[in-house]
Every structure is written in structure tokens, then in C-alpha cells.
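Let me begin by presenting the structure, written as C-alpha cells, before commenting on it.
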Amino acid sequence: MKAVQFLSKNVAKMVKPGLRLAPVRTNMIGKKAPEFSGLACMGDNSIKDISLEDYKGKKVVMYFYPADFTFVCSSELPAFAELEAEFQKAGAELVGVSTDTAFTHKAWKSASSELGGLNGFEINHPVIGDHTTEISQAYDVVMPNGLACRAVFVIDEDGVIQVEHRNNAPLGRNTAEALRSVQALMEHQQTGKVIPANWTPGSDTMSETTESVDEYLKKLKKN
């Protein structure tokens, strides 16, 4: 009991004052994505209120990151932005989220790299300012320090979460894997096939039969 009390006190010290953490969810796969709305810095740096409802009938790749003007985050937004056209080819729209404000996003995008900013990079997708942490809590990505972890959710056209990945703050993501996940989902939707490990567009898929597994593994052994 003393150990539990000690842990609770120390966790409480790391949480922002007034922050109310949502109940922990072990996973959100196959569940409806929580609805959200919030002010976002758009591709043209205008500030606009957007919501999940705006993307009805489309796939959404929603990625969370800890904070603007920080280190790994400064590498991730340009990396996602570089692949935006490929995400769109797979029928998906990018939406970024952090616990900053939309106005801080705008300042970050406009500042020079000498100041830790992203000026010169074409970041054309919206980035939501979740300074209340309401969206981050709904998606269960809030770390004990009150910032969002590096999470990615792939939401399908029906608003159902098909993919979720989470990294701790020091660990930058492989944005190509986020894209591959969307491409794999599209392949499954179009063909009904299941997608084996390390699949890339154009490579072999599988049917849910023992015969298909046998055929796939025999090809794998030859390679």
C-alpha cells in the first residue's frame, strides 16, 4: 500500500496542474475514433476550426507529437509532409496534433531553423493545437508530463481505427511505415487479401487459407 501511495504521489508531481487524465485504454484497434474538433494551423498558415467530421468518407492519418520548437519533433513534421502526396494517393489525409496552440504552430512553421523553426518546409496539412489536452486524452496519448507521446492512428473511411503506433518522446517515427500501413489497408480493402510482414505495394499478399500460407512460405524460402 505504501508503494502504491509513493508511486501515486510521484506521478502526480509530473502531471501539469489541473490536468485530468483519461482512463487508460489498452488499445483502440477496431473501435470508433473519438470525435474531435479544434483550431488548426492550416497549410497556408491560416487558423481554422476543423473536426473529424470534415474527413467523413476518407482515411485519416492522425499523428500526435509532444511539442513545437523541440528536437525530434522538428524532424518529424517535415518527414510526414514530404510523404503527403503519397498518403493522398492511398486515399488518406494527414492531421497533426500537439498540446501547443494553433498560433504556436504558426510561429514554429514561420521561424527560421536558427530559431528552431520549420520555415522553408512545405507543411500543407493541418496541425491542431490541443492545448487543453482534450483530444490527446480522448486518444489516450498523454504522457505523465502532460504532453502527447509520438502516436499514429490510421482511421478508415467509416471512422474506425485500423492502426495505432506509439513511441516515447526520444524515439522518432519511421514515416514510411505509417505510409506502408495505409497502403496495406487500401490493398486489403480492394482485394480482400491479408497483408504479410514487410509487404510493400506490388508484392505478394495472402488469402486466409492454409494453402495460401504454404504457397507464400515456399516462395519466401526460395528468396
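The way I read the labels, and the way they are meant: chains A, B, ... in the order of the C-alpha cells, residue 1 as the first residue of every chain, and ligand 1 as the first ligand shown, with later ones counted on from there.
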
Using only C-alpha atoms, I'd like a table of the residues in range 56-78 of chain A that come within 12 Å of range 26-37 of chain A; for each, show the closest atom pair and its distance in Å rounded to one decimal, ordered by chain and ascending number, as a Markdown table.
| residue | atom | partner | partner_atom | distance |
| --- | --- | --- | --- | --- |
| A:Lys56 | CA | A:Glu35 | CA | 11.1 |
| A:Lys59 | CA | A:Ala33 | CA | 11.5 |
| A:Val60 | CA | A:Ala33 | CA | 10.2 |
| A:Val61 | CA | A:Ala33 | CA | 11.4 |
| A:Met62 | CA | A:Ala33 | CA | 10.3 |

Those same residues - N, CA, C and O atoms - I'd like them written as a JSON list (two decimals), in the first residue's frame.
[["chain", "number", "residue", "atom", "x", "y", "z"],
["A", 56, "LYS", "N", -15.13, 12.81, -43.20],
["A", 56, "LYS", "CA", -16.04, 11.69, -43.35],
["A", 56, "LYS", "C", -15.90, 11.07, -44.74],
["A", 56, "LYS", "O", -15.88, 11.78, -45.75],
["A", 59, "LYS", "N", -9.87, 8.21, -45.43],
["A", 59, "LYS", "CA", -8.94, 7.74, -44.42],
["A", 59, "LYS", "C", -8.23, 8.95, -43.81],
["A", 59, "LYS", "O", -7.99, 9.95, -44.50],
["A", 60, "VAL", "N", -7.90, 8.83, -42.55],
["A", 60, "VAL", "CA", -7.16, 9.90, -41.86],
["A", 60, "VAL", "C", -5.96, 9.28, -41.16],
["A", 60, "VAL", "O", -6.07, 8.26, -40.48],
["A", 61, "VAL", "N", -4.80, 9.88, -41.36],
["A", 61, "VAL", "CA", -3.61, 9.53, -40.59],
["A", 61, "VAL", "C", -3.41, 10.66, -39.59],
["A", 61, "VAL", "O", -3.01, 11.77, -39.94],
["A", 62, "MET", "N", -3.72, 10.36, -38.35],
["A", 62, "MET", "CA", -3.66, 11.35, -37.29],
["A", 62, "MET", "C", -2.42, 11.07, -36.45],
["A", 62, "MET", "O", -2.29, 9.99, -35.87]]

Residues of range 43-135 of chain A at most 9 Å from range 161-171 of chain A: nearest atom pair and distance in Å, only C-alpha atoms, as a Markdown table:
| residue | atom | partner | partner_atom | distance |
| --- | --- | --- | --- | --- |
| A:Tyr65 | CA | A:Ala169 | CA | 7.9 |
| A:Pro66 | CA | A:Ala169 | CA | 6.9 |
| A:Phe71 | CA | A:Pro170 | CA | 8.8 |
| A:Val72 | CA | A:Pro170 | CA | 6.8 |
| A:Cys73 | CA | A:Ala169 | CA | 8.8 |

Expected file: the selected residues, all heavy atoms, as a PDB file, in the first residue's frame:
ATOM      1  N   TYR A  65       2.407  14.514 -31.515  1.00  0.00           N
ATOM      2  CA  TYR A  65       3.807  14.711 -31.146  1.00  0.00           C
ATOM      3  C   TYR A  65       3.853  15.609 -29.915  1.00  0.00           C
ATOM      4  O   TYR A  65       2.882  16.323 -29.620  1.00  0.00           O
ATOM      5  CB  TYR A  65       4.603  15.302 -32.318  1.00  0.00           C
ATOM      6  CG  TYR A  65       4.192  16.689 -32.729  1.00  0.00           C
ATOM      7  CD1 TYR A  65       4.824  17.822 -32.213  1.00  0.00           C
ATOM      8  CD2 TYR A  65       3.152  16.886 -33.650  1.00  0.00           C
ATOM      9  CE1 TYR A  65       4.448  19.099 -32.602  1.00  0.00           C
ATOM     10  CE2 TYR A  65       2.767  18.158 -34.043  1.00  0.00           C
ATOM     11  CZ  TYR A  65       3.420  19.266 -33.513  1.00  0.00           C
ATOM     12  OH  TYR A  65       3.035  20.528 -33.894  1.00  0.00           O
ATOM     13  N   PRO A  66       4.962  15.605 -29.171  1.00  0.00           N
ATOM     14  CA  PRO A  66       4.986  16.313 -27.886  1.00  0.00           C
ATOM     15  C   PRO A  66       4.881  17.843 -27.960  1.00  0.00           C
ATOM     16  O   PRO A  66       4.037  18.434 -27.284  1.00  0.00           O
ATOM     17  CB  PRO A  66       6.329  15.887 -27.273  1.00  0.00           C
ATOM     18  CG  PRO A  66       6.613  14.568 -27.893  1.00  0.00           C
ATOM     19  CD  PRO A  66       6.108  14.679 -29.302  1.00  0.00           C
ATOM     20  N   PHE A  71      12.996  18.962 -30.521  1.00  0.00           N
ATOM     21  CA  PHE A  71      14.115  18.385 -31.254  1.00  0.00           C
ATOM     22  C   PHE A  71      13.665  17.316 -32.255  1.00  0.00           C
ATOM     23  O   PHE A  71      13.663  17.554 -33.472  1.00  0.00           O
ATOM     24  CB  PHE A  71      15.135  17.872 -30.238  1.00  0.00           C
ATOM     25  CG  PHE A  71      15.324  18.878 -29.122  1.00  0.00           C
ATOM     26  CD1 PHE A  71      14.791  18.670 -27.862  1.00  0.00           C
ATOM     27  CD2 PHE A  71      15.951  20.090 -29.386  1.00  0.00           C
ATOM     28  CE1 PHE A  71      14.929  19.629 -26.872  1.00  0.00           C
ATOM     29  CE2 PHE A  71      16.096  21.056 -28.393  1.00  0.00           C
ATOM     30  CZ  PHE A  71      15.576  20.824 -27.132  1.00  0.00           C
ATOM     31  N   VAL A  72      13.266  16.180 -31.760  1.00  0.00           N
ATOM     32  CA  VAL A  72      12.803  15.121 -32.661  1.00  0.00           C
ATOM     33  C   VAL A  72      11.580  15.586 -33.451  1.00  0.00           C
ATOM     34  O   VAL A  72      11.436  15.270 -34.643  1.00  0.00           O
ATOM     35  CB  VAL A  72      12.488  13.842 -31.861  1.00  0.00           C
ATOM     36  CG1 VAL A  72      11.953  12.750 -32.783  1.00  0.00           C
ATOM     37  CG2 VAL A  72      13.725  13.349 -31.130  1.00  0.00           C
ATOM     38  N   CYS A  73      10.728  16.367 -32.815  1.00  0.00           N
ATOM     39  CA  CYS A  73       9.522  16.878 -33.491  1.00  0.00           C
ATOM     40  C   CYS A  73       9.879  17.682 -34.733  1.00  0.00           C
ATOM     41  O   CYS A  73       9.158  17.642 -35.741  1.00  0.00           O
ATOM     42  CB  CYS A  73       8.698  17.739 -32.532  1.00  0.00           C
ATOM     43  SG  CYS A  73       8.140  16.874 -31.066  1.00  0.00           S
TER      44      CYS A  73
END

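A straight line drawn from CA of Leu220 in chain A to CA of Pro196 in chain A is 11.1 Å long.
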
Determine, counting only C-alpha atoms, which protein, DNA and RNA residues have an atom within 10 Å of an atom of Asp44 in chain A; residues of the same chain fewer than 3 positions away are not included. Present the result as a PDB file with all heavy atoms, in the first residue's frame.
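Here's the written file out04.pdb:
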ATOM      1  N   CYS A  41      -3.599  25.087 -37.412  1.00  0.00           N
ATOM      2  CA  CYS A  41      -2.828  25.888 -38.352  1.00  0.00           C
ATOM      3  C   CYS A  41      -2.846  25.138 -39.675  1.00  0.00           C
ATOM      4  O   CYS A  41      -2.367  24.002 -39.760  1.00  0.00           O
ATOM      5  CB  CYS A  41      -1.401  26.078 -37.848  1.00  0.00           C
ATOM      6  SG  CYS A  41      -0.389  27.094 -38.934  1.00  0.00           S
ATOM      7  N   ILE A  47      -5.690  30.092 -39.569  1.00  0.00           N
ATOM      8  CA  ILE A  47      -6.164  29.360 -38.393  1.00  0.00           C
ATOM      9  C   ILE A  47      -7.628  29.021 -38.613  1.00  0.00           C
ATOM     10  O   ILE A  47      -8.447  29.907 -38.888  1.00  0.00           O
ATOM     11  CB  ILE A  47      -5.996  30.189 -37.105  1.00  0.00           C
ATOM     12  CG1 ILE A  47      -4.535  30.646 -36.940  1.00  0.00           C
ATOM     13  CG2 ILE A  47      -6.454  29.387 -35.891  1.00  0.00           C
ATOM     14  CD1 ILE A  47      -3.529  29.536 -36.782  1.00  0.00           C
ATOM     15  N   LYS A 106       1.793  28.058 -35.942  1.00  0.00           N
ATOM     16  CA  LYS A 106       2.047  29.046 -36.997  1.00  0.00           C
ATOM     17  C   LYS A 106       3.416  29.693 -36.813  1.00  0.00           C
ATOM     18  O   LYS A 106       4.184  29.858 -37.779  1.00  0.00           O
ATOM     19  CB  LYS A 106       0.942  30.111 -36.990  1.00  0.00           C
ATOM     20  CG  LYS A 106       1.103  31.167 -38.071  1.00  0.00           C
ATOM     21  CD  LYS A 106      -0.078  32.137 -38.064  1.00  0.00           C
ATOM     22  CE  LYS A 106       0.086  33.198 -39.142  1.00  0.00           C
ATOM     23  NZ  LYS A 106      -1.086  34.121 -39.188  1.00  0.00           N
ATOM     24  N   GLU A 122       7.498  22.740 -46.784  1.00  0.00           N
ATOM     25  CA  GLU A 122       6.103  22.826 -47.189  1.00  0.00           C
ATOM     26  C   GLU A 122       5.265  21.867 -46.353  1.00  0.00           C
ATOM     27  O   GLU A 122       5.177  20.676 -46.661  1.00  0.00           O
ATOM     28  CB  GLU A 122       5.955  22.517 -48.683  1.00  0.00           C
ATOM     29  CG  GLU A 122       6.566  23.581 -49.575  1.00  0.00           C
ATOM     30  CD  GLU A 122       6.239  23.353 -51.045  1.00  0.00           C
ATOM     31  OE1 GLU A 122       5.333  22.539 -51.339  1.00  0.00           O
ATOM     32  OE2 GLU A 122       6.890  23.981 -51.884  1.00  0.00           O
ATOM     33  N   ILE A 123       4.681  22.381 -45.307  1.00  0.00           N
ATOM     34  CA  ILE A 123       3.813  21.578 -44.443  1.00  0.00           C
ATOM     35  C   ILE A 123       2.383  22.009 -44.747  1.00  0.00           C
ATOM     36  O   ILE A 123       1.880  22.992 -44.201  1.00  0.00           O
ATOM     37  CB  ILE A 123       4.186  21.768 -42.958  1.00  0.00           C
ATOM     38  CG1 ILE A 123       5.632  21.313 -42.760  1.00  0.00           C
ATOM     39  CG2 ILE A 123       3.240  20.986 -42.043  1.00  0.00           C
ATOM     40  CD1 ILE A 123       6.228  21.638 -41.432  1.00  0.00           C
ATOM     41  N   ASN A 124       1.766  21.283 -45.636  1.00  0.00           N
ATOM     42  CA  ASN A 124       0.476  21.705 -46.195  1.00  0.00           C
ATOM     43  C   ASN A 124      -0.734  21.087 -45.510  1.00  0.00           C
ATOM     44  O   ASN A 124      -1.870  21.418 -45.867  1.00  0.00           O
ATOM     45  CB  ASN A 124       0.436  21.377 -47.692  1.00  0.00           C
ATOM     46  CG  ASN A 124       1.453  22.184 -48.474  1.00  0.00           C
ATOM     47  OD1 ASN A 124       1.632  23.370 -48.218  1.00  0.00           O
ATOM     48  ND2 ASN A 124       2.140  21.544 -49.409  1.00  0.00           N
ATOM     49  N   HIS A 125      -0.495  20.195 -44.554  1.00  0.00           N
ATOM     50  CA  HIS A 125      -1.627  19.592 -43.851  1.00  0.00           C
ATOM     51  C   HIS A 125      -1.908  20.344 -42.551  1.00  0.00           C
ATOM     52  O   HIS A 125      -1.028  21.037 -42.026  1.00  0.00           O
ATOM     53  CB  HIS A 125      -1.361  18.109 -43.562  1.00  0.00           C
ATOM     54  CG  HIS A 125      -0.132  17.862 -42.748  1.00  0.00           C
ATOM     55  ND1 HIS A 125       1.130  17.772 -43.291  1.00  0.00           N
ATOM     56  CD2 HIS A 125       0.038  17.691 -41.407  1.00  0.00           C
ATOM     57  CE1 HIS A 125       2.019  17.552 -42.341  1.00  0.00           C
ATOM     58  NE2 HIS A 125       1.380  17.501 -41.177  1.00  0.00           N
ATOM     59  N   PRO A 126      -3.118  20.233 -42.025  1.00  0.00           N
ATOM     60  CA  PRO A 126      -3.447  20.943 -40.780  1.00  0.00           C
ATOM     61  C   PRO A 126      -2.750  20.346 -39.564  1.00  0.00           C
ATOM     62  O   PRO A 126      -2.528  19.133 -39.499  1.00  0.00           O
ATOM     63  CB  PRO A 126      -4.971  20.783 -40.674  1.00  0.00           C
ATOM     64  CG  PRO A 126      -5.297  19.591 -41.492  1.00  0.00           C
ATOM     65  CD  PRO A 126      -4.287  19.532 -42.590  1.00  0.00           C
TER      66      PRO A 126
END

Can you list, as a list in words, every residue of range 158-194 of chain A that DSSP puts in strand (DSSP E or B)?
->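 Checking each residue of range 158-194 of chain A, the strand (DSSP E or B) ones are Val160, Ile161, Gln162, Val163, Glu164, His165, Arg166, Asn167 and Val194 of chain A.
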
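For the choices A:Gly91, A:Gly120, A:Ala102, A:Gly38, the atom-to-atom distance to Pro78 in chain A is smallest for A:Gly120 when using only C-alpha atoms.
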
What does the distance between CA of Val141 in chain A and CA of Gly159 in chain A come to in Å, to one decimal place?
-> 18.4 Å

Give me the residues within 12 Å of Glu134 in chain A as a PyMOL selection string, counting only C-alpha atoms and dropping any in the same chain fewer than 2 places off.
-> chain A and resi 19-22+34-38+97-100+128-132+136-142+146-148

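Interatomic distance, CA of Thr205 in chain A against CA of Lys218 in chain A: 13.4 Å.
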
Considering only C-alpha atoms, state which residue in the set A:Leu118, A:Arg173, A:Asp204, A:Thr133 is at the smallest distance from Arg150 in chain A.
->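 Residue with the minimum atom-to-atom distance to Arg150 in chain A: A:Arg173.
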
All residues 9 Å or closer to Thr175 in chain A, only C-alpha atoms, same chain fewer than 4 positions away omitted, as a compact mmCIF listing (two decimals) with N, CA, C and O atoms, in the first residue's frame:
# COMPACT_ATOMS: atom_id res chain seq x y z
N GLU A 76 10.18 15.36 -37.53
CA GLU A 76 9.02 14.54 -37.90
C GLU A 76 8.02 15.27 -38.80
O GLU A 76 7.50 14.67 -39.76
N ALA A 79 9.11 15.28 -42.28
CA ALA A 79 9.11 13.90 -42.80
C ALA A 79 7.71 13.45 -43.19
O ALA A 79 7.51 12.82 -44.24
N PHE A 80 6.71 13.77 -42.35
CA PHE A 80 5.33 13.46 -42.73
C PHE A 80 4.93 14.28 -43.96
O PHE A 80 4.31 13.75 -44.89
N LEU A 83 5.86 13.10 -47.46
CA LEU A 83 5.11 11.95 -47.99
C LEU A 83 3.62 12.26 -48.19
O LEU A 83 2.85 11.35 -48.51
N LEU A 179 3.04 5.28 -43.85
CA LEU A 179 2.51 5.23 -45.21
C LEU A 179 2.24 3.80 -45.64
O LEU A 179 1.19 3.49 -46.22
N ARG A 180 3.19 2.90 -45.37
CA ARG A 180 3.01 1.50 -45.74
C ARG A 180 1.77 0.90 -45.08
O ARG A 180 1.05 0.11 -45.68

Output as a count of residues only all residues of range 18-222 of chain A that backbone DSSP marks as helix (DSSP H, G or I).
-> 68

Go through A:Leu217, A:Leu39, A:Val152, A:Ala67 one by one, measure the shortest atom-to-atom distance of each to Phe103 in chain A using only C-alpha atoms, and give the residue with the smallest value.
->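 Checking each of A:Leu217, A:Leu39, A:Val152, A:Ala67 against Phe103 in chain A, counting only C-alpha atoms, the winner is A:Leu39.
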
Pick the closest to Ile50 in chain A from A:Met186, A:Val160, A:Ile155, A:Val95: which is it, counting only C-alpha atoms?
->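 So, comparing all the options, the nearest one is A:Val95.
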
Within 10 Å of range 110-117 of chain A, counting only C-alpha atoms, which residues qualify if same-chain residues fewer than 2 places away don't, as a ChimeraX atom specification?
-> /A:45,68-71,74,104-108,119-121
